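Undergrad: Quick one: structure below, then a few questions.
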4 protein chains.
Amino acid sequence: MRTAKASVLENFKAPLVTREFPLPENVETGAALVRTEMAGICGTDVHLWKGELPIKLPVILGHETVGRIVELGEGLEQDWTGQPLNVGDRVTWNSTVSCGQCYYCAVKRQPTRCPQRRAYGIGYRCDEAPHFLGGYAEFHYLRPRATIFKLPDDLPTESVIGAGCALITAIHGVERTGIEWQDTVVVQGAGPVGIAALAVAKSAGASRVILIGGPKARLETARRFGADEVIDLDQVREPAARLDAVRQLTGGYGADVVMECVGHPSAIGEGMEMCRDGGKYLVLGHYCDAGPVLWNPHVITRKQLQVFGSWSSEPRHLKAAIDFLRANQERFPFAQMVSHRFTLAQANEALQTTARWEALKSVIVPE
Amino acid sequence: MRTAKASVLENFKAPLVTREFPLPENVETGAALVRTEMAGICGTDVHLWKGELPIKLPVILGHETVGRIVELGEGLEQDWTGQPLNVGDRVTWNSTVSCGQCYYCAVKRQPTRCPQRRAYGIGYRCDEAPHFLGGYAEFHYLRPRATIFKLPDDLPTESVIGAGCALITAIHGVERTGIEWQDTVVVQGAGPVGIAALAVAKSAGASRVILIGGPKARLETARRFGADEVIDLDQVREPAARLDAVRQLTGGYGADVVMECVGHPSAIGEGMEMCRDGGKYLVLGHYCDAGPVLWNPHVITRKQLQVFGSWSSEPRHLKAAIDFLRANQERFPFAQMVSHRFTLAQANEALQTTARWEALKSVIVPE
Amino acid sequence: MRTAKASVLENFKAPLVTREFPLPENVETGAALVRTEMAGICGTDVHLWKGELPIKLPVILGHETVGRIVELGEGLEQDWTGQPLNVGDRVTWNSTVSCGQCYYCAVKRQPTRCPQRRAYGIGYRCDEAPHFLGGYAEFHYLRPRATIFKLPDDLPTESVIGAGCALITAIHGVERTGIEWQDTVVVQGAGPVGIAALAVAKSAGASRVILIGGPKARLETARRFGADEVIDLDQVREPAARLDAVRQLTGGYGADVVMECVGHPSAIGEGMEMCRDGGKYLVLGHYCDAGPVLWNPHVITRKQLQVFGSWSSEPRHLKAAIDFLRANQERFPFAQMVSHRFTLAQANEALQTTARWEALKSVIVPE
Amino acid sequence: MRTAKASVLENFKAPLVTREFPLPENVETGAALVRTEMAGICGTDVHLWKGELPIKLPVILGHETVGRIVELGEGLEQDWTGQPLNVGDRVTWNSTVSCGQCYYCAVKRQPTRCPQRRAYGIGYRCDEAPHFLGGYAEFHYLRPRATIFKLPDDLPTESVIGAGCALITAIHGVERTGIEWQDTVVVQGAGPVGIAALAVAKSAGASRVILIGGPKARLETARRFGADEVIDLDQVREPAARLDAVRQLTGGYGADVVMECVGHPSAIGEGMEMCRDGGKYLVLGHYCDAGPVLWNPHVITRKQLQVFGSWSSEPRHLKAAIDFLRANQERFPFAQMVSHRFTLAQANEALQTTARWEALKSVIVPE
């Protein structure tokens, strides 16, 4: 019986531990076994580690993963786009799968809210077979109906992991919000989601993107990704001053679209005021429940706003992301987001580097 | 010099007083003088009386008015729809006028946010000529560029005033939100805006409208206007119980569209939970600033909501309202909303009846 | 071995013939066997019979069917909406099934254009097992993944068949086009699709629907379904006169939305002129290729039109149709559309009655 | 009495002749007199010269003009965006003005279809004062309510005239059609409208634009403006071959959006087939009536298309164009489109150069 290693979250807030589990003896119909090539550390992993989301332990974290196919189950012959799949192919996949049949999938066409969804790296215990259902491991098992994408040879793994789930989250969010040609856009936040939202906005027709965040290194990344203006949180510390700055940059009116990529409830009130009247606000950073905040709903009426929420993403967003990353490696160098690399044995350190906001993007390379 | 009477708000929270002002000697080019036939009391008038909005006194309140043309200024020959205007015609008009040229009017097509807007019955002092710029008076002066609508003979004045600014507010709000064919809709609130939102939703394709509010008499009106279900606030006192009730009526999912017509910030959090995932929420009742509330923005992301705000209305909404009222007198009997009538001398009593929530709609008939 | 009867199209333009085929010995996993209760004759069946569509013979026609479940394959426990399915349940179903995975289903969300679709009553030869894949037969086999809907007891079979595929076609078409609250609508055509489009438009917010068609009996049906105005093709014979009539009924401008439910190419140019400038045109009746027509595309630019096409429908449209039919039996009496009933042995006569335009809706009741 | 020269179209198909007219003695309230700096020759001018549009002669052609203010009427103190206007300012303007009050302007928000519109260079006889209402002249009179835009110093006149009315036409057309992020787009036509549509599409989120046209020099311009692929009409002569080429470049499906910028009716049928199913088609080149064509409307249904028309443009499009030109002089070098320059005396030659398709853009520089 073959076994393989994984880094396991056994207790919240305790260090990840390396464990060995048996590899599946045979791969089910429609499933696949993949050797992990690179796994990204997402900010959500930090929240999971702290026990801020209701998950069952033990878990192998990691929902941003690239690997090479080791074994293909019967009937799994094509990737999600119809390309042939073979052992040895380098692939990535969506961390969740919608059922396609339920009220949300089929009647209301909101498949990201399908109650059947369960995410790799989050929603599966690893003490039950097939064990390998998270990225921080030597292997990853892809269950039947997984939506798999063969990666083109000219797209580096670093690009895919550097973009991570932040990019597909941003693509979905911007799609729901709708950026019109030549809109001015404010991005609140300079983390991976903020940088991704910036890239999508710039390529979606925005005439000008103002990014608010910090620290300095991230703002330089934002500049590198085409931010027209940056507002440094360390320099412009008061919300009123930031609002002033945005108004000055937008003819006194505020921006057409403001996208929250922060995750702190206090950003919401500030961001809505940054919209011009009749503008749009996207709540993109509140995947986790960060608690309530004092907020005045009168702003919605007074400024005649539209506010959009967006949960996770669909396979078509991952397809679009891969095409986009491939075509824009120069303009939007997501590969450069990978700032810290660790071995599987160092997985805990990788996670802590992200928790301490030291890394723009930490990754695990199991080898 | 001719004079006429008006009921004037001279001090906040003090009784309205009857005053006499000179009528304009001549009517400007493009303007008109109208003899007031009926003036509606709007809930906003109560807020104005209490000093909750930043206005300059003295003011003649009243922004929902029907009158007959007494004098027409040079060049004013047609109403907003192109019908000929003559002395004696019964007319109504928008309480505000947008400039048509500014950033909000012309570039962003959000004319309700035009900074030039100033409302009859709210934004004009009455101690300056032409004095008569509010409804609680024997006459009303219509300034140049006012958007005037000649009323068809078969549409009673009671219908127009019974619908009041609530109907055009609801029409604009529903337009911004978009009700899809066969949507289930929840209306929070049984005041004039709630009843109007119900009527618009029912006629805009909703398969089912659930109205939440009180007291009993208003719920009976809601039934009369076609509410499929009503939830009585006096009987279902807990937000959690109301949420349960809505879920039971919507297959466990929540409604496609929820429309807030309450004006209390606490309604917002409750109402958003009543939306199905991927649903829409309209903040329609927050014309006044009723202060902040503890609220968790995570709901926007988790339920993947769309939230819409809507400020005031445009002339085209008043045109649509007139056509709608005329064609639906049986189905949506807005004339029956007029529950209390007062003379101009009784204007203060009319206002207090509204303030005490005794009237569905109080009106002043100057005679 | 059990057998059952079907009426078979063996040669184009030749009479249908009754044949006997073996019933499936066992029902596959996820499939079902249904005893036909009523089968509708659709105008498309006439086109199929004439050989105007590229199908392979022999075929059992009939894609509008209601039946009772006789046998359920393993795993088929719920209908499309999640209701439990049992032997004896009265059901209907979509005539086609999309794959859910392909470019059109998943990337572009146009599942009606899925290349995997193959329609019962059109796309399956009946000389191969399981034979019973059309409505004109004693039994109907539902293949795995069929989208089945249990019918509520208070919804008569006549309503479902009376509405037929015309209703779901109209629901999809109106959804794509979008009727705004209080729009004026013109429907070109008084056949089943025209009547269904009228019903959907009236319930979707149209203030006024003008229907153009004939003969007289159908126009009476249109009136019964709420047409505000009808224009009789037998009386207003010239396109220019019809255009005049529409303009007179719409303030000289034309309608906000015009919906073609005719199927003759000549209706297109006439209908586009009936739109107001900036209006919308829906091409709904051109499911079959009726050949080219002389047409001037300048009208699209000059009138600044939007034109929409719509192909077939999705399961969610059938769900909506069932809910709609059930809730509106009085307002839109689709059951009364069933004008002619035939036994299975009379299937050819049923088809010819439809071909000769004698029936509003012919049906087959096998017993 | 001061006079000035203009080049006048006195008889269709006859050479333009230079005439002298009196300059207005005083400029009306709200009007302005401008000294022409550069006037563009538009393809429409050729149609006008040929008598293909119903205009009254004599006319000073020219509806794409930049000039410097010589005299300002009373009350004209700001440009359309609120910037102060002074004598000496370099300005451009919309060739038409909508009334802002009518059914199309105010009720239906389709101001380009306002019946009050009358275009400089097209709709005004020049034998009546104020004579100078077209671009081919030493001076241009701007009537009250003209929508004037002060040009920023860093935006060359050549950019504005090089873009001409083609750019604002394309901006409006793309706005109506809606390009989604990463859409593939086909542009039919390599004239000024095609090049402008390409620029707008590329900057509006298209992942890839395929341009079909000729001759070679224009295709090089298309490449310079970012066309990802060009299909040379001189090399790929058969419609079927062009359709094949588009399909091969789009994964076999066709493009998400196809934009017709040709003006020949035959392009329509070809272009619609180039759309993927569920795709969008923009008819942008049919400003003139080029007659009917044999066309099969079945394609609309079968491919489930959306088709959009777009007439002229609004002031906000000109504002957007100026901002866009200024910010993208490197990426989209519209100034380089100006290929031929002529004096006012050579106006007829300028027009003929355009008529003979020799110029990408001819311009007149009066002195």
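Chain labels run A, B, ... following the order of the structure tokens; each chain numbers its residues from 1, and ligands are numbered from 1 in the order shown.
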Determine, using only C-alpha atoms, which residues of chain C have any atom at most 12 Å from an atom of chain B, and tabulate each with its shortest atom pair and distance in Å to one decimal place, rows ordered by chain and then rising number, as a tab-separated table.

TA:
residue	atom	partner	partner_atom	distance
C:Thr81	CA	B:Gly251	CA	10.6
C:Gly82	CA	B:Gly251	CA	11.0
C:Gln83	CA	B:Gly251	CA	11.6
C:Ile171	CA	B:Trp181	CA	8.8
C:His172	CA	B:Trp181	CA	10.7
C:Gly173	CA	B:Trp181	CA	11.9
C:Val174	CA	B:Trp181	CA	9.0
C:Glu175	CA	B:Trp181	CA	7.7
C:Arg176	CA	B:Glu180	CA	11.0
C:Thr177	CA	B:Glu180	CA	11.6
C:Gly178	CA	B:Glu180	CA	8.5
C:Ile179	CA	B:Trp181	CA	9.0
C:Glu180	CA	B:Ala204	CA	7.7
C:Trp181	CA	B:Ala204	CA	5.3
C:Gln182	CA	B:Ala320	CA	7.4
C:Asp183	CA	B:Ala320	CA	9.9
C:Thr184	CA	B:Ala320	CA	11.9
C:Ala199	CA	B:Gly205	CA	11.3
C:Val200	CA	B:Trp181	CA	8.3
C:Ala201	CA	B:Gly205	CA	8.9
C:Lys202	CA	B:Gly205	CA	8.5
C:Ser203	CA	B:Gly205	CA	5.4
C:Ala204	CA	B:Gly205	CA	4.0
C:Gly205	CA	B:Ala204	CA	4.1
C:Ala206	CA	B:Ala204	CA	7.8
C:Ser207	CA	B:Phe324	CA	7.9
C:Arg208	CA	B:Ala327	CA	9.8
C:Asp228	CA	B:Ala327	CA	11.5
C:Gly251	CA	B:Thr81	CA	10.6
C:Arg316	CA	B:Gln182	CA	11.7
C:His317	CA	B:Gln182	CA	10.8
C:Lys319	CA	B:Gln182	CA	10.9
C:Ala320	CA	B:Gln182	CA	7.4
C:Ala321	CA	B:Gln182	CA	9.6
C:Ile322	CA	B:Gln182	CA	11.4
C:Asp323	CA	B:Gln182	CA	8.8
C:Phe324	CA	B:Gln182	CA	7.7
C:Leu325	CA	B:Ser207	CA	11.3
C:Arg326	CA	B:Ser207	CA	11.2
C:Ala327	CA	B:Ser207	CA	8.4
C:Asn328	CA	B:Ser207	CA	9.8

Undergrad: Give me, as a PyMOL selection string, the residues of stretch 110-338 of chain C that a backbone DSSP run labels strand (DSSP E or B).

TA: chain C and resi 137+139-142+148-150+184-188+208-213+229-232+255-260+275-283+293-295+306-309

Undergrad: Please identify all polymer residues within 12 Å of A:Thr354, counting only C-alpha atoms, omitting same-chain residues fewer than 2 positions from it, and present them as JSON, numbers by chain.

TA: {"A": [40, 41, 42, 43, 44, 45, 46, 47, 49, 191, 192, 338, 339, 340, 341, 342, 347, 348, 349, 350, 351, 352, 356, 357, 358, 359, 360, 361, 362, 363, 364]}

Undergrad: For D:Thr147, please output as a PyMOL selection string all residues within 8 Å (counting only C-alpha atoms; exclusion window: fewer than 4 positions along the same chain).

TA: chain D and resi 79-80+93-94+97+315

Undergrad: Set the distance at 9 Å and use only C-alpha atoms: which residues neighbour D:Gly271 once local chain neighbours fewer than 2 positions away are removed? I'd like the list as a ChimeraX atom specification.

TA: /D:186,188,243,258-260,266-269,273-275,281

Undergrad: Taking 5 positions as the minimum chain separation for residues in the same chain, which residues sit within 7 Å of C:Ile122 when counting only C-alpha atoms? Answer as a PDB file with N, CA, C and O atoms, in the first residue's frame.

TA:
ATOM      1  N   ILE C  55     -35.089  15.275 -40.314  1.00  0.00           N
ATOM      2  CA  ILE C  55     -35.160  14.206 -39.306  1.00  0.00           C
ATOM      3  C   ILE C  55     -35.095  12.836 -39.963  1.00  0.00           C
ATOM      4  O   ILE C  55     -35.308  12.707 -41.169  1.00  0.00           O
ATOM      5  N   VAL C  59     -40.538   7.881 -37.072  1.00  0.00           N
ATOM      6  CA  VAL C  59     -40.571   8.646 -35.829  1.00  0.00           C
ATOM      7  C   VAL C  59     -41.981   8.621 -35.222  1.00  0.00           C
ATOM      8  O   VAL C  59     -42.968   8.674 -35.954  1.00  0.00           O
ATOM      9  N   LEU C  61     -44.210  11.020 -33.504  1.00  0.00           N
ATOM     10  CA  LEU C  61     -44.281  12.457 -33.240  1.00  0.00           C
ATOM     11  C   LEU C  61     -44.833  12.720 -31.835  1.00  0.00           C
ATOM     12  O   LEU C  61     -45.326  11.815 -31.172  1.00  0.00           O
TER      13      LEU C  61
END

Undergrad: Just the helix (DSSP H, G or I) stuff from stretch 4-69 of chain D, please, per backbone DSSP, written as a ChimeraX atom specification.

TA: /D:43-49

Undergrad: Output N, CA, C and O atoms for every residue in that selection, as a PDB file, in the first residue's frame.

TA:
ATOM      1  N   GLY D  43     -17.568  60.089 -44.553  1.00  0.00           N
ATOM      2  CA  GLY D  43     -18.163  59.310 -45.638  1.00  0.00           C
ATOM      3  C   GLY D  43     -19.595  59.743 -45.918  1.00  0.00           C
ATOM      4  O   GLY D  43     -20.060  59.694 -47.066  1.00  0.00           O
ATOM      5  N   THR D  44     -20.278  60.171 -44.886  1.00  0.00           N
ATOM      6  CA  THR D  44     -21.656  60.648 -45.070  1.00  0.00           C
ATOM      7  C   THR D  44     -21.698  61.855 -45.998  1.00  0.00           C
ATOM      8  O   THR D  44     -22.658  62.036 -46.762  1.00  0.00           O
ATOM      9  N   ASP D  45     -20.655  62.682 -45.965  1.00  0.00           N
ATOM     10  CA  ASP D  45     -20.617  63.846 -46.857  1.00  0.00           C
ATOM     11  C   ASP D  45     -20.670  63.414 -48.317  1.00  0.00           C
ATOM     12  O   ASP D  45     -21.254  64.109 -49.158  1.00  0.00           O
ATOM     13  N   VAL D  46     -20.047  62.285 -48.614  1.00  0.00           N
ATOM     14  CA  VAL D  46     -20.084  61.772 -49.988  1.00  0.00           C
ATOM     15  C   VAL D  46     -21.517  61.373 -50.354  1.00  0.00           C
ATOM     16  O   VAL D  46     -22.001  61.687 -51.445  1.00  0.00           O
ATOM     17  N   HIS D  47     -22.188  60.697 -49.419  1.00  0.00           N
ATOM     18  CA  HIS D  47     -23.595  60.338 -49.678  1.00  0.00           C
ATOM     19  C   HIS D  47     -24.446  61.593 -49.887  1.00  0.00           C
ATOM     20  O   HIS D  47     -25.312  61.633 -50.758  1.00  0.00           O
ATOM     21  N   LEU D  48     -24.188  62.608 -49.089  1.00  0.00           N
ATOM     22  CA  LEU D  48     -24.940  63.863 -49.207  1.00  0.00           C
ATOM     23  C   LEU D  48     -24.686  64.504 -50.568  1.00  0.00           C
ATOM     24  O   LEU D  48     -25.606  64.983 -51.240  1.00  0.00           O
ATOM     25  N   TRP D  49     -23.434  64.514 -50.961  1.00  0.00           N
ATOM     26  CA  TRP D  49     -23.043  65.116 -52.237  1.00  0.00           C
ATOM     27  C   TRP D  49     -23.742  64.413 -53.401  1.00  0.00           C
ATOM     28  O   TRP D  49     -24.164  65.033 -54.375  1.00  0.00           O
TER      29      TRP D  49
END

Undergrad: With a distance cut-off of 8 Å and only C-alpha atoms, select the neighbouring residues of stretch 2-7 of chain B, excluding the residue or stretch itself and same-chain residues fewer than 3 positions from it, and output the selection as a PyMOL selection string.

TA: chain B and resi 16-23+60-61+132+136-139+344-345+347-348

Undergrad: Between atom CA of D:Gln306 and atom CA of C:Ile168, what is the spacing in Å?

TA: 19.3 Å
